[in-house]
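**Q** One structure is given below, represented as structure tokens, and several questions about it will come after.
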There are 2 protein chains.
Amino acid sequence: MQKVTINVVAKHAGVSKKTVSRVLNNEPNVSDATKQKVRAVFDELGYRPSPVARALATNQSLLIGLVYDNPNKSYVSEIQEGALSSCDDKGYHLIIHPTDHNGEHLLSNIDSLLIESRLDGLVLTPPFSDMPDLLNLLDSKETPYVRIGATEFCNVAEQNRVLSVISNDQQAAYQMTKYLISLGHHRIGFVKGHPDHPVSEQRYSGFLTALEDAGITVRQDYVQQGYFNFSSGEDCGRRLLSLDQRPTAIFASNDYMAAGILKVATQRNVSVPHELSVAGFDNAPISGYIWPSLTTVRQPIFSMAESALDILIDRIQKRPAPEKAIELPSELITRESTAPLR
Amino acid sequence: MQKVTINVVAKHAGVSKKTVSRVLNNEPNVSDATKQKVRAVFDELGYRPSPVARALATNQSLLIGLVYDNPNKSYVSEIQEGALSSCDDKGYHLIIHPTDHNGEHLLSNIDSLLIESRLDGLVLTPPFSDMPDLLNLLDSKETPYVRIGATEFCNVAEQNRVLSVISNDQQAAYQMTKYLISLGHHRIGFVKGHPDHPVSEQRYSGFLTALEDAGITVRQDYVQQGYFNFSSGEDCGRRLLSLDQRPTAIFASNDYMAAGILKVATQRNVSVPHELSVAGFDNAPISGYIWPSLTTVRQPIFSMAESALDILIDRIQKRPAPEKAIELPSELITRESTAPLR
DNA sequence: TTAATGTTTGACACCGGTGTCAATAAGTTG
DNA sequence: CAACTTATTGACACCGGTGTCAAACATTAA
């Protein structure tokens, strides 16, 4: 049984291979009769065109690379799934590239990646979305790309730089803080995220603004520096709960740190949420698996990835792209760890 | 600046493109002088061969597909990373394919996947590793594949069927149970995993065998049916802790269920590990983020994926493959949730 | 010195599609 | 019915590499 190529189909249908190609791609100017005939042969022979040959001829691989460097498995996983959702719809395939963002040869690595994987485009996630050198490289090679969760818009003079999908962490943190205030809390502690990560500043800023708007002055000893991991949450929790006048609510910049605080509270017999409300950020899986379950913010990660790919594919196919960053709303998820102040 | 193809390099170096190709692939019978000359032009022009053209000419895409259907993000993530680790080393790229294993058109989907993604081979994870129809399909198309965590070896008559990498869950469960017994526990409860999942039976069997070997008779009311998720763990925990004579230790078939049990114990003021030891399985991230932290079993997921890819790539390149399944050992991780019986 | 063998090289077809352009068939208009 | 469009089709080059095979050259054996 020989392989079914376009030549075989052509011979079988008694037409030229170009005509077969036309039918394949739904090009105009093929008579209905011919179309029928060729399609019948497709079915009969079970013909599938070779994507590789197509890629060579059209210079389009239908392959998109996803670059990330994030220890948060569930974040990565949601990004992947969102990305795939769009890819599947549009016939693209996703090649994943976890990459050390501090790597020495980062730029040349990404460079060879583009070539070796013959990618049509690249999806950048934080922190790659905000690396000017990388963006410059991609621009110079005219590689289509899209940025997820970018915080800076770089040189907006260049149109493609704008292509990005974000969620508004500042706003979400603002909402969460307002929510805690609406529960009657005034003495609210805050645990900042890793200083290297741009979202840390955004979340903190949302917190500050909400306090300001409510006319509450920020106590510096209520603000602790965390590092996005469980143990830094424990540390900050210990410090906050050791204060003479301890906060009645603590807002941690992510769920792992919030979980650490919960642990410390449990150890010290501080009852959550009766004596202390705790809120997190990210809606990490853990937030549902600890008790009390965690009030948190769900970011639209899946949708962000999905939109990002829509934009990227539009760009690859030279269709018009949005003028500015697309912003998708986060969602406040209230669970058991927060309660009105008694 | 025109694109640097093999023809350009050939012209520049004053040799035929075939000779360039020879240098590129380190083929023998090229004079040193020529080699130097051509290599110099590579550098000068920054030439990178087109993987697409190569794929067309050699019928090798260097693309490998990873098929999975697993809600456990960290499992998937480890599999991906292990797989990538081998792929990177050998110049392959990984295309991920989360796929509904109950999907109606599963077989035809995988079929088109093979063609559309022009894959050289396929990595199957549970439950795909054990689907005879799928294996038959792949065999019939002579697609190289490797199975991770397969429990059945199907028709060993066919050589490739054997290609699989496993961890011995039965044995690991046996060890864990023996460990609990060594702590002095006799009244040990067990929470089974999802009945559809082959490993459930294996873990249960390991538990049973260990009890048997220790001369302990199994009490049926100590064995509860769970479904691998948190809430089923809570349910089983409630049942076990409501028994007149409750167990002094509970071994849950995975960490999520163990976490559910921990939650119920906390709610009922049953102190873990003083009054109750709890053990899980999988070393899920959550096992370190709850308190007391969970004694569990770490499976060599990363290494399994890594070996699987080594095997697969060997097979793709027609190198000799191992005769039988490769078995990698699991590791007992003791943390705070288990203690000697007082 | 000649024949036999081994090394180095390039011409050319080929992988399986798509793009260009010209040839032919069909349809319209005056 | 001639002249002009428009629709349909195929020949052929091309994408950028690799495989085959024979020619040219160098080396060794007889």
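A note on labels: chains of the structure tokens are A, B, ... as shown, every chain counts residues from 1, and ligands are counted from 1 in their shown order.
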Taking 3 positions as the minimum chain separation for residues in the same chain, which residues sit within 7 Å of range 247-260 of chain A when counting only C-alpha atoms (C1' of nucleotides)? Answer as a list in words.

**A**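 Skipping anything fewer than 3 positions along the chain leaves His185, Arg187, Ile188, Gly189, Phe190, Val191, Lys192, Gly193, Arg203, Phe228, Asn229, Phe230, Ser231, Ser232, Gly233, Glu234, Lys263, Val264, Glu275, Leu276, Ser277, Val278, Ala279, Gly280, Phe281, Asp282, Asn283, Ala284 and Ser287 of chain A.
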
**Q** I want to know what sits within 9 Å of Pro195 in chain B, based on only C-alpha atoms (C1' of nucleotides), with residues of the same chain fewer than 3 positions away left out; could you give that as a ChimeraX atom specification?

**A** /B:192,198-201,225-227

**Q** Give the residues of chain A that lie within 8 Å of chain B; count only C-alpha atoms, and format the answer as a list in words.

**A**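 Those within range of chain B come out as Arg48, Ser50, Pro51, Val52, Ala53, Ala55, Leu56, Ser61, Lys73, Ser74, Ser77, His93, Leu94, Ile95, Ile96, Ile115, Glu116, Ser117, Arg118, Phe230, Tyr256, Ala259, Gly260, Lys263, Ile286, Tyr289, Ile290 and Trp291 of chain A.
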
**Q** Residues of chain D within 9 Å of chain B, counting only C-alpha atoms (C1' of nucleotides), what are they? List them as a PyMOL selection string.

**A** chain D and resi 15-19

**Q** Please report as a Markdown table every residue of chain C lying within 7 Å of chain A, along with the nearest atom pair and their distance in Å (one decimal), using only C-alpha atoms (C1' of nucleotides).

**A**
| residue | atom | partner | partner_atom | distance |
| --- | --- | --- | --- | --- |
| C:DG16 | C1' | A:Ala53 | CA | 5.0 |
| C:DG17 | C1' | A:Ala53 | CA | 4.8 |
| C:DT18 | C1' | A:Ala57 | CA | 5.4 |

**Q** Based on the selection just made, write N, CA and C atoms (P, O5', C5', C4', C3', O3' and C1' of nucleotides) of those residues as a PDB file, in the first residue's frame.

**A**
ATOM      1  P    DG C  16       6.213  11.972  -0.544  1.00  0.00           P
ATOM      2  O5'  DG C  16       5.325  13.289  -0.519  1.00  0.00           O
ATOM      3  C5'  DG C  16       5.093  13.953   0.706  1.00  0.00           C
ATOM      4  C4'  DG C  16       4.487  15.301   0.429  1.00  0.00           C
ATOM      5  C3'  DG C  16       3.249  15.267  -0.481  1.00  0.00           C
ATOM      6  O3'  DG C  16       2.319  16.199   0.012  1.00  0.00           O
ATOM      7  C1'  DG C  16       4.803  16.769  -1.328  1.00  0.00           C
ATOM      8  P    DG C  17       0.796  16.001  -0.267  1.00  0.00           P
ATOM      9  O5'  DG C  17       0.223  17.439   0.155  1.00  0.00           O
ATOM     10  C5'  DG C  17       0.013  18.458  -0.790  1.00  0.00           C
ATOM     11  C4'  DG C  17       0.968  19.623  -0.564  1.00  0.00           C
ATOM     12  C3'  DG C  17       0.571  20.913  -1.269  1.00  0.00           C
ATOM     13  O3'  DG C  17      -0.242  21.671  -0.393  1.00  0.00           O
ATOM     14  C1'  DG C  17       2.898  20.441  -1.549  1.00  0.00           C
ATOM     15  P    DT C  18      -1.217  22.756  -1.009  1.00  0.00           P
ATOM     16  O5'  DT C  18      -0.204  23.894  -1.510  1.00  0.00           O
ATOM     17  C5'  DT C  18       0.449  24.711  -0.557  1.00  0.00           C
ATOM     18  C4'  DT C  18       1.246  25.789  -1.284  1.00  0.00           C
ATOM     19  C3'  DT C  18       0.397  26.801  -2.050  1.00  0.00           C
ATOM     20  O3'  DT C  18       0.948  28.083  -1.803  1.00  0.00           O
ATOM     21  C1'  DT C  18       1.962  25.816  -3.509  1.00  0.00           C
TER      22       DT C  18
END

**Q** Could you pull out the strand (DSSP E) residues of range 108-319 of chain B, going by DSSP on the backbone, and write them as an MDAnalysis selection string?

**A** chainID B and resid 121:124 145:148 164:167 188:192 223:225 249:252 277:279 296:298
